[in-house]
$ cat input-v3.txt   # compact mmCIF, C-alpha atoms
# COMPACT_ATOMS: atom_id res chain seq x y z
CA MET A 1344 134.72 110.16 51.79
CA THR A 1345 131.45 108.21 51.45
CA ASN A 1346 129.28 109.08 48.45
CA LYS A 1347 125.65 109.66 49.41
CA SER A 1348 124.38 108.58 45.99
CA ASN A 1349 126.30 105.31 46.29
CA PHE A 1350 124.69 104.76 49.70
CA TRP A 1351 121.19 104.98 48.23
CA GLN A 1352 122.20 102.97 45.16
CA LEU A 1353 123.31 100.05 47.34
CA TRP A 1354 120.43 100.29 49.81
CA ALA A 1355 117.75 100.69 47.11
CA PRO A 1356 116.90 96.94 46.88
CA HIS A 1357 116.08 96.96 50.61
CA LEU A 1358 114.13 100.22 50.75
CA ALA A 1359 110.72 98.55 50.78
CA LEU A 1360 111.44 97.43 54.36
CA PHE A 1361 111.98 100.93 55.75
CA GLU A 1362 110.89 103.65 53.27
CA ASP A 1363 107.86 104.82 55.30
CA ASN A 1364 109.95 106.63 57.90
CA HIS A 1365 110.95 110.17 58.87
CA LEU A 1366 109.08 112.21 56.21
CA ASP A 1367 106.49 109.44 56.12
CA LEU A 1368 102.92 108.91 54.95
CA GLN A 1369 101.52 110.03 58.30
CA THR A 1370 103.40 113.34 58.12
CA ILE A 1371 102.47 113.91 54.46
CA ASN A 1372 98.82 113.47 55.41
CA ILE A 1373 99.20 116.01 58.23
CA ILE A 1374 100.83 118.65 56.00
CA ALA A 1375 98.63 117.98 52.96
CA ASP A 1376 96.77 121.29 53.49
CA LYS A 1377 100.09 123.14 53.02
CA ILE A 1378 100.71 121.52 49.62
CA SER A 1379 99.53 123.10 46.36
CA GLN A 1380 100.04 121.68 42.89
CA PRO A 1381 102.08 121.26 40.82
CA VAL A 1382 104.40 119.56 43.32
CA LEU A 1383 108.03 118.50 43.04
CA ILE A 1384 109.58 115.98 45.43
CA VAL A 1385 113.38 116.05 45.60
CA GLY A 1386 114.58 112.68 46.86
CA GLY A 1387 111.61 110.78 45.48
CA GLY A 1388 113.09 107.39 46.42
CA GLN A 1389 110.86 104.68 45.01
CA GLY A 1390 107.82 106.90 44.70
CA LEU A 1391 106.16 106.45 48.10
CA LEU A 1392 105.30 110.14 48.61
CA VAL A 1393 104.75 110.85 44.91
CA ASP A 1394 102.19 108.05 44.85
CA ALA A 1395 100.50 109.22 48.07
CA LEU A 1396 100.06 112.80 46.81
CA ARG A 1397 98.90 111.69 43.37
CA LYS A 1398 96.21 109.63 45.06
CA LYS A 1399 95.02 112.90 46.62
CA GLY A 1400 94.50 114.26 43.11
CA LEU A 1401 97.65 116.40 42.90
CA HIS A 1402 100.01 116.75 39.95
CA VAL A 1403 103.34 115.53 41.35
CA ASP A 1404 106.79 115.05 39.82
CA GLY A 1405 109.75 113.47 41.56
CA VAL A 1406 113.52 113.38 41.14
CA ASP A 1407 116.16 111.15 42.66
CA SER A 1408 119.93 111.06 42.32
CA SER A 1409 120.04 107.25 42.40
CA SER A 1410 119.39 105.49 39.08
CA GLU A 1411 118.46 102.35 41.01
CA MET A 1412 115.81 104.25 42.98
CA VAL A 1413 114.39 105.59 39.71
CA ARG A 1414 114.32 102.10 38.21
CA LEU A 1415 112.62 100.56 41.24
CA ALA A 1416 110.06 103.37 41.46
CA GLU A 1417 108.86 102.41 38.00
CA GLN A 1418 109.12 98.68 38.68
CA ARG A 1419 107.32 98.75 42.04
CA ARG A 1420 104.79 101.54 41.50
CA GLY A 1421 104.75 102.37 37.81
CA ILE A 1422 106.04 105.86 38.63
CA LYS A 1423 108.56 107.53 36.34
CA LEU A 1424 110.91 109.73 38.32
CA VAL A 1425 113.52 112.03 36.83
CA HIS A 1426 117.10 110.92 37.42
CA ALA A 1427 118.72 114.15 38.62
CA ASP A 1428 120.75 115.58 41.47
CA GLY A 1429 119.05 118.03 43.81
CA SER A 1430 121.83 120.58 43.28
CA SER A 1431 121.08 120.82 39.54
CA LEU A 1432 117.38 120.37 38.80
CA PRO A 1433 116.38 120.11 35.11
CA PHE A 1434 113.39 122.45 35.47
CA ALA A 1435 112.73 126.08 34.61
CA ASP A 1436 112.48 128.81 37.24
CA GLU A 1437 109.19 128.87 39.16
CA SER A 1438 107.93 125.56 37.75
CA TYR A 1439 106.25 124.32 40.95
CA ALA A 1440 103.82 125.70 43.52
CA THR A 1441 105.25 123.37 46.18
CA THR A 1442 108.68 121.78 46.37
CA ILE A 1443 109.42 119.16 49.03
CA ILE A 1444 112.94 118.03 49.91
CA SER A 1445 112.63 114.60 51.49
CA THR A 1446 114.60 113.24 54.39
CA GLY A 1447 117.80 111.57 53.24
CA VAL A 1448 118.77 114.53 51.04
CA VAL A 1449 120.20 117.56 52.88
CA ASP A 1450 119.95 116.09 56.38
CA PHE A 1451 122.57 113.43 55.63
CA LEU A 1452 125.12 116.02 54.45
CA ASN A 1453 128.00 117.54 56.43
CA ASP A 1454 128.87 120.07 53.71
CA GLU A 1455 126.86 123.23 54.44
CA LYS A 1456 127.75 124.70 51.04
CA GLN A 1457 126.20 121.65 49.37
CA ILE A 1458 123.12 121.88 51.61
CA LEU A 1459 122.64 125.52 50.66
CA GLN A 1460 123.10 124.74 46.98
CA ILE A 1461 120.33 122.12 47.06
CA ILE A 1462 117.95 124.35 49.04
CA ASN A 1463 118.54 127.36 46.77
CA GLU A 1464 118.07 125.20 43.68
CA ALA A 1465 114.72 124.10 45.12
CA ARG A 1466 113.86 127.75 45.80
CA ARG A 1467 114.67 128.58 42.17
CA VAL A 1468 112.14 126.12 40.75
CA THR A 1469 109.43 127.12 43.24
CA LYS A 1470 106.95 129.83 42.30
CA LYS A 1471 107.00 133.13 44.15
CA GLY A 1472 104.24 132.87 46.72
CA GLY A 1473 104.70 129.11 46.67
CA ARG A 1474 106.09 126.85 49.37
CA LEU A 1475 109.36 125.02 49.91
CA LEU A 1476 109.31 122.33 52.59
CA VAL A 1477 112.70 120.95 53.64
CA SER A 1478 112.64 117.83 55.82
CA TYR A 1479 115.18 116.57 58.34
CA TYR A 1480 115.22 113.28 60.22
CA LYS A 1481 114.30 113.49 63.89
CA VAL A 1482 115.66 111.30 66.67
CA HIS A 1483 113.10 110.37 69.33
CA PRO A 1484 114.07 111.73 72.80
CA ALA A 1485 114.34 108.19 74.21
CA ALA A 1486 116.70 107.14 71.42
CA GLU A 1487 118.63 110.42 71.68
CA LYS A 1488 119.30 109.84 75.39
CA PHE A 1489 120.40 106.26 74.72
CA PHE A 1490 122.63 107.26 71.79
CA LYS A 1491 124.34 109.93 73.87
CA ARG A 1492 124.92 107.43 76.66
CA ILE A 1493 126.69 104.95 74.36
CA GLY A 1494 128.56 107.56 72.29
CA ILE A 1495 126.57 107.38 69.05
CA ILE A 1496 125.62 111.06 69.45
CA THR A 1497 128.74 112.99 70.38
CA GLU A 1498 129.40 116.19 72.28
CA ASN A 1499 130.25 117.77 68.91
CA HIS A 1500 126.60 117.33 67.82
CA THR A 1501 127.33 114.61 65.31
CA MET A 1502 125.88 111.15 64.96
CA ARG A 1503 128.30 108.28 64.42
CA PHE A 1504 126.10 106.95 61.65
CA ARG A 1505 128.18 103.98 60.52
CA ARG A 1506 128.72 102.88 64.13
CA LEU A 1507 124.94 102.80 64.61
CA PHE A 1508 124.59 100.37 61.72
CA GLU A 1509 127.53 98.29 62.91
CA LEU A 1510 125.78 97.84 66.27
CA SER A 1511 122.59 96.78 64.47
CA ARG A 1512 124.49 93.91 62.91
CA LEU A 1513 125.70 92.41 66.18
CA ALA A 1514 124.21 89.28 67.74
CA PRO A 1515 122.20 90.05 70.92
CA PHE A 1516 124.88 88.99 73.42
CA LYS A 1517 127.63 90.85 71.57
CA PHE A 1518 125.39 93.92 71.24
CA PHE A 1519 124.69 93.91 74.98
CA ALA A 1520 128.38 93.56 75.83
CA THR A 1521 129.33 96.33 73.41
CA ILE A 1522 126.86 98.91 74.73
CA ARG A 1523 127.96 98.10 78.29
CA GLN A 1524 131.52 98.84 77.29
CA ASP A 1525 130.75 101.90 75.15
CA GLY A 1526 128.45 103.43 77.76
CA ASN A 1527 130.51 102.33 80.77
CA LEU A 1528 127.34 100.69 82.11
CA SER A 1529 126.87 98.18 84.86
CA LEU A 1530 124.89 95.02 84.13
CA CYS A 1531 121.77 96.50 85.73
CA GLY A 1532 122.40 99.85 84.06
CA ALA A 1533 122.56 98.30 80.60
CA ILE A 1534 119.38 96.30 81.21
CA ALA A 1535 117.62 99.43 82.44
CA GLU A 1536 118.71 101.43 79.35
CA LEU A 1537 117.43 98.74 76.97
CA LEU A 1538 114.13 98.38 78.82
CA ARG A 1539 113.66 102.15 78.83
CA ILE A 1540 114.20 102.52 75.11
CA GLN A 1541 111.89 99.60 74.33
CA TRP A 1542 109.21 101.11 76.55
CA PHE A 1543 109.35 104.69 75.24
CA LEU A 1544 110.38 104.25 71.60
CA PRO A 1545 107.40 104.53 69.18
CA LYS A 1546 106.37 101.40 67.31
CA GLN A 1547 107.44 102.88 63.97
CA GLU A 1548 111.01 103.45 65.19
CA ARG A 1549 111.18 99.94 66.66
CA LEU A 1550 110.08 98.56 63.28
CA LEU A 1551 112.77 100.63 61.57
CA SER A 1552 115.43 99.28 63.93
CA ASN A 1553 114.24 95.70 63.39
CA ALA A 1554 114.29 96.18 59.62
CA MET A 1555 117.90 97.41 59.72
CA CYS A 1556 118.93 94.45 61.86
CA LYS A 1557 117.24 92.04 59.46
CA ILE A 1558 118.90 93.56 56.40
CA LEU A 1559 122.40 93.62 57.88
CA LYS A 1560 122.18 90.07 59.23
CA THR A 1561 120.82 88.51 56.03
CA ALA A 1562 122.18 90.53 53.08
CA ASP A 1563 124.99 88.89 51.11
CA ASN A 1564 126.66 92.30 50.71
CA ALA A 1565 126.29 93.46 54.34
CA ASP A 1566 129.93 94.61 54.50
CA GLU A 1567 129.45 96.70 51.35
CA LEU A 1568 126.22 98.16 52.71
CA ILE A 1569 127.93 99.26 55.92
CA GLY A 1570 130.92 100.56 53.97
CA SER A 1571 128.62 102.85 51.98
CA ILE A 1572 127.44 104.61 55.14
CA ALA A 1573 128.98 107.92 56.15
CA GLU A 1574 131.12 107.73 59.27
CA SER A 1575 129.13 110.61 60.75
CA ILE A 1576 126.28 112.97 59.93
CA PRO A 1577 125.03 116.05 61.79
CA HIS A 1578 122.76 115.40 64.76
CA HIS A 1579 119.71 117.48 63.92
CA THR A 1580 117.57 119.23 66.49
CA ARG A 1581 115.13 122.10 66.10
CA GLU A 1582 117.78 124.43 67.49
CA SER A 1583 120.57 123.24 65.17
CA ILE A 1584 118.34 123.58 62.11
CA SER A 1585 117.35 127.10 63.16
CA THR A 1586 121.02 128.01 63.66
CA LEU A 1587 121.94 126.64 60.21
CA CYS A 1588 119.19 128.66 58.53
CA LYS A 1589 120.18 131.86 60.35
CA LYS A 1590 123.85 131.35 59.51
CA HIS A 1591 123.09 131.18 55.80
CA LYS A 1592 120.32 133.81 55.91
CA LEU A 1593 117.64 131.42 54.75
CA PRO A 1594 114.20 132.95 55.32
CA VAL A 1595 112.18 130.57 57.49
CA ASN A 1596 108.41 130.84 57.84
CA ALA A 1597 108.22 128.02 60.39
CA ILE A 1598 109.99 124.92 61.70
CA LEU A 1599 107.35 122.24 62.10
CA VAL A 1600 107.99 119.37 64.51
CA TYR A 1601 106.42 115.97 63.90
CA GLU A 1602 106.96 112.57 65.47
CA MET A 1603 109.47 111.33 62.90
CA CYS A 1604 110.87 114.49 61.31
CA PHE A 1605 111.32 118.25 61.26
CA VAL A 1606 109.87 120.16 58.30
CA VAL A 1607 111.25 123.63 57.57
CA ASP A 1608 108.96 125.97 55.65
CA VAL A 1609 111.56 128.02 53.76
CA GLY A 1610 110.59 131.31 52.14
CA VAL A 1611 111.02 131.55 48.37
CA ASP A 1612 110.00 135.15 47.60
CA GLN A 1613 113.31 136.57 48.80
CA PHE A 1614 115.43 134.29 46.60
CA ILE A 1615 118.46 135.96 45.07
CA GLU A 1616 120.40 134.02 42.42
CA GLY A 1617 123.80 132.99 43.72
CA GLN A 1618 122.92 133.65 47.38
$ encode --input "input-v3.txt" --output "structure tokens"
Amino acid sequence: MTNKSNFWQLWAPHLALFEDNHLDLQTINIIADKISQPVLIVGGGQGLLVDALRKKGLHVDGVDSSSEMVRLAEQRRGIKLVHADGSSLPFADESYATTIISTGVVDFLNDEKQILQIINEARRVTKKGGRLLVSYYKVHPAAEKFFKRIGIITENHTMRFRRLFELSRLAPFKFFATIRQDGNLSLCGAIAELLRIQWFLPKQERLLSNAMCKILKTADNADELIGSIAESIPHHTRESISTLCKKHKLPVNAILVYEMCFVVDVGVDQFIEGQ
């Protein structure tokens, strides 16, 4: 079983190349009017969002489960994050008006019990009448169609996460041959799929893909980086997130859809300890 903390620990030195993705600066600016201080960010990474909100004049704290992320947040941005796991936050009940769970926290998990534990812990430290925003990565429709065609997104609604990174490491000719085989595509069909995704995929997602390729083709520990990646993670859609929340009786005020992520506005007033 791949350890999520180990994944972030190993990828931390490379985060500067791809940290402004999914719950990104653009999205934080859009939802700024929903954020009241004091703010807690769970999954603070290297302080990108903490820094952005502090520049707006808000009191913001951040936690991260990776000691390397915490170290680099201080080294890169002079931001001191708390080294803590999202399932056991070292804060008193109702400490924050707004709690934000970043992408890369619950959305990478297959264990629904663990997801619920992290969300309920965030609800505990959020004031009644406050706001809990839980973010999930979002796959662009063009990429989703392509991933389904080549078997990265399966019929069981999972994403073969490690396989996606393995493909990113391949040389162009080998990559082309592999997607032809995996998708059972003709020569023209494979060319058409690649042209389509290049045409419709947003610039930010193309930059993310290029960054991953660069890291995996140049890093001395590329094998270790790939080995740290979970074999599969859930494929998140608005519908699957809604189903998950209903299954576990999480009160949802809204599911907000942005270009790079979903943000779930989870109710905190109805929190019952041990739910």
$ residues_near_point --input "input-v3.txt" --point "(117.3, 126.3, 47.3)" --cutoff "12 Å" --atoms "only C-alpha atoms" --output "PyMOL selection string"
chain A and resi 1385+1429-1432+1436-1437+1442-1444+1449+1456-1469+1474-1477+1588+1591-1594+1608-1618
$ atom_distance --input "input-v3.txt" --atom1 "CA of Glu1567 (chain A)" --atom2 "CA of Trp1354 (chain A)"
9.8 Å
$ closest_residue --input "input-v3.txt" --among "A:Glu1411, A:Glu1455, A:Glu1362, A:Asp1404" --to "Ser1438 (chain A)" --atoms "all atoms listed in the file"
A:Asp1404
$ closest_residue --input "input-v3.txt" --among "A:Ser1408, A:Gln1352, A:Ser1379, A:Ser1478" --to "Asn1364 (chain A)" --atoms "all atoms listed in the file"
A:Ser1478
$ atom_distance --input "input-v3.txt" --atom1 "CA of Thr1446 (chain A)" --atom2 "CA of His1402 (chain A)"
20.8 Å
$ closest_residue --input "input-v3.txt" --among "A:Glu1509, A:Glu1487, A:Glu1602, A:Glu1536" --to "Asp1566 (chain A)" --atoms "all atoms listed in the file"
A:Glu1509
$ residues_around --input "input-v3.txt" --residues "Val1406 (chain A)" --least-positions-apart "4" --cutoff "6 Å" --atoms "all atoms listed in the file" --output "compact mmCIF listing (two decimals) with C-alpha atoms, keeping the file's coordinate frame"
# COMPACT_ATOMS: atom_id res chain seq x y z
CA VAL A 1385 113.38 116.05 45.60
CA GLY A 1386 114.58 112.68 46.86
CA GLY A 1387 111.61 110.78 45.48
CA LEU A 1424 110.91 109.73 38.32
CA VAL A 1425 113.52 112.03 36.83
CA HIS A 1426 117.10 110.92 37.42
CA ALA A 1427 118.72 114.15 38.62
$ atom_distance --input "input-v3.txt" --atom1 "CA of Lys1491 (chain A)" --atom2 "CA of Arg1503 (chain A)"
10.4 Å
$ residues_around --input "input-v3.txt" --residues "region 1419-1421 of chain A" --least-positions-apart "3" --cutoff "7 Å" --atoms "all atoms listed in the file" --output "MDAnalysis selection string"
chainID A and resid 1390 1415:1416
$ write_last_selection --input "input-v3.txt" --atoms "C-alpha atoms" --output "tab-separated table (two decimals), keeping the file's coordinate frame"
chain	number	residue	atom	x	y	z
A	1390	GLY	CA	107.82	106.90	44.70
A	1415	LEU	CA	112.62	100.56	41.24
A	1416	ALA	CA	110.06	103.37	41.46
$ closest_residue --input "input-v3.txt" --among "A:Phe1519, A:Ala1440, A:Leu1510, A:Gly1472" --to "Ala1535 (chain A)" --atoms "only C-alpha atoms"
A:Phe1519
$ residues_around --input "input-v3.txt" --residues "Phe1504 (chain A)" --least-positions-apart "2" --cutoff "12 Å" --atoms "all atoms listed in the file" --output "PyMOL selection string"
chain A and resi 1345+1451-1453+1490+1494-1497+1501-1502+1506-1511+1569-1578
$ decode --input "input-v3.txt" --residues "region 1397-1425 of chain A" --atoms "N, CA and C atoms" --output "compact mmCIF listing (two decimals), in the first residue's frame"
# COMPACT_ATOMS: atom_id res chain seq x y z
N ARG A 1397 -2.88 35.55 3.12
CA ARG A 1397 -2.27 36.54 4.03
C ARG A 1397 -2.06 37.87 3.31
N LYS A 1398 -1.74 37.82 2.04
CA LYS A 1398 -1.56 39.05 1.27
C LYS A 1398 -2.88 39.81 1.10
N LYS A 1399 -4.00 39.10 1.31
CA LYS A 1399 -5.31 39.76 1.29
C LYS A 1399 -5.68 40.33 2.66
N GLY A 1400 -4.77 40.20 3.63
CA GLY A 1400 -4.99 40.76 4.95
C GLY A 1400 -5.63 39.81 5.94
N LEU A 1401 -5.73 38.52 5.61
CA LEU A 1401 -6.38 37.55 6.49
C LEU A 1401 -5.37 36.88 7.42
N HIS A 1402 -5.85 36.51 8.60
CA HIS A 1402 -5.04 35.68 9.51
C HIS A 1402 -5.20 34.23 9.06
N VAL A 1403 -4.11 33.59 8.66
CA VAL A 1403 -4.16 32.25 8.09
C VAL A 1403 -3.10 31.36 8.72
N ASP A 1404 -3.51 30.18 9.16
CA ASP A 1404 -2.60 29.13 9.60
C ASP A 1404 -2.66 27.98 8.61
N GLY A 1405 -1.61 27.18 8.57
CA GLY A 1405 -1.60 26.03 7.67
C GLY A 1405 -0.96 24.83 8.33
N VAL A 1406 -1.44 23.64 7.96
CA VAL A 1406 -0.83 22.40 8.44
C VAL A 1406 -0.51 21.53 7.23
N ASP A 1407 0.49 20.68 7.40
CA ASP A 1407 0.80 19.69 6.37
C ASP A 1407 1.39 18.47 7.03
N SER A 1408 1.07 17.30 6.47
CA SER A 1408 1.53 16.04 7.05
C SER A 1408 2.96 15.70 6.65
N SER A 1409 3.52 16.42 5.70
CA SER A 1409 4.87 16.16 5.22
C SER A 1409 5.86 17.13 5.88
N SER A 1410 6.83 16.60 6.60
CA SER A 1410 7.84 17.46 7.24
C SER A 1410 8.67 18.21 6.20
N GLU A 1411 8.85 17.60 5.03
CA GLU A 1411 9.62 18.26 3.97
C GLU A 1411 8.85 19.44 3.40
N MET A 1412 7.52 19.31 3.27
CA MET A 1412 6.70 20.43 2.83
C MET A 1412 6.80 21.58 3.83
N VAL A 1413 6.72 21.26 5.11
CA VAL A 1413 6.80 22.27 6.16
C VAL A 1413 8.15 22.98 6.10
N ARG A 1414 9.21 22.21 5.92
CA ARG A 1414 10.56 22.80 5.84
C ARG A 1414 10.68 23.73 4.65
N LEU A 1415 10.19 23.29 3.49
CA LEU A 1415 10.32 24.09 2.28
C LEU A 1415 9.40 25.30 2.28
N ALA A 1416 8.28 25.22 2.98
CA ALA A 1416 7.41 26.39 3.10
C ALA A 1416 8.14 27.52 3.80
N GLU A 1417 8.89 27.17 4.84
CA GLU A 1417 9.66 28.20 5.56
C GLU A 1417 10.86 28.65 4.73
N GLN A 1418 11.50 27.71 4.05
CA GLN A 1418 12.68 28.07 3.26
C GLN A 1418 12.31 28.94 2.06
N ARG A 1419 11.24 28.59 1.36
CA ARG A 1419 10.86 29.30 0.13
C ARG A 1419 10.11 30.60 0.40
N ARG A 1420 9.22 30.56 1.43
CA ARG A 1420 8.31 31.70 1.61
C ARG A 1420 8.36 32.31 3.01
N GLY A 1421 9.18 31.74 3.89
CA GLY A 1421 9.24 32.27 5.24
C GLY A 1421 7.98 32.01 6.02
N ILE A 1422 7.23 30.98 5.64
CA ILE A 1422 5.96 30.65 6.28
C ILE A 1422 6.15 29.42 7.18
N LYS A 1423 5.74 29.54 8.42
CA LYS A 1423 5.85 28.43 9.36
C LYS A 1423 4.52 27.69 9.43
N LEU A 1424 4.49 26.52 8.84
CA LEU A 1424 3.32 25.65 8.91
C LEU A 1424 3.45 24.72 10.11
N VAL A 1425 2.32 24.18 10.52
CA VAL A 1425 2.30 23.18 11.59
C VAL A 1425 2.42 21.80 10.96
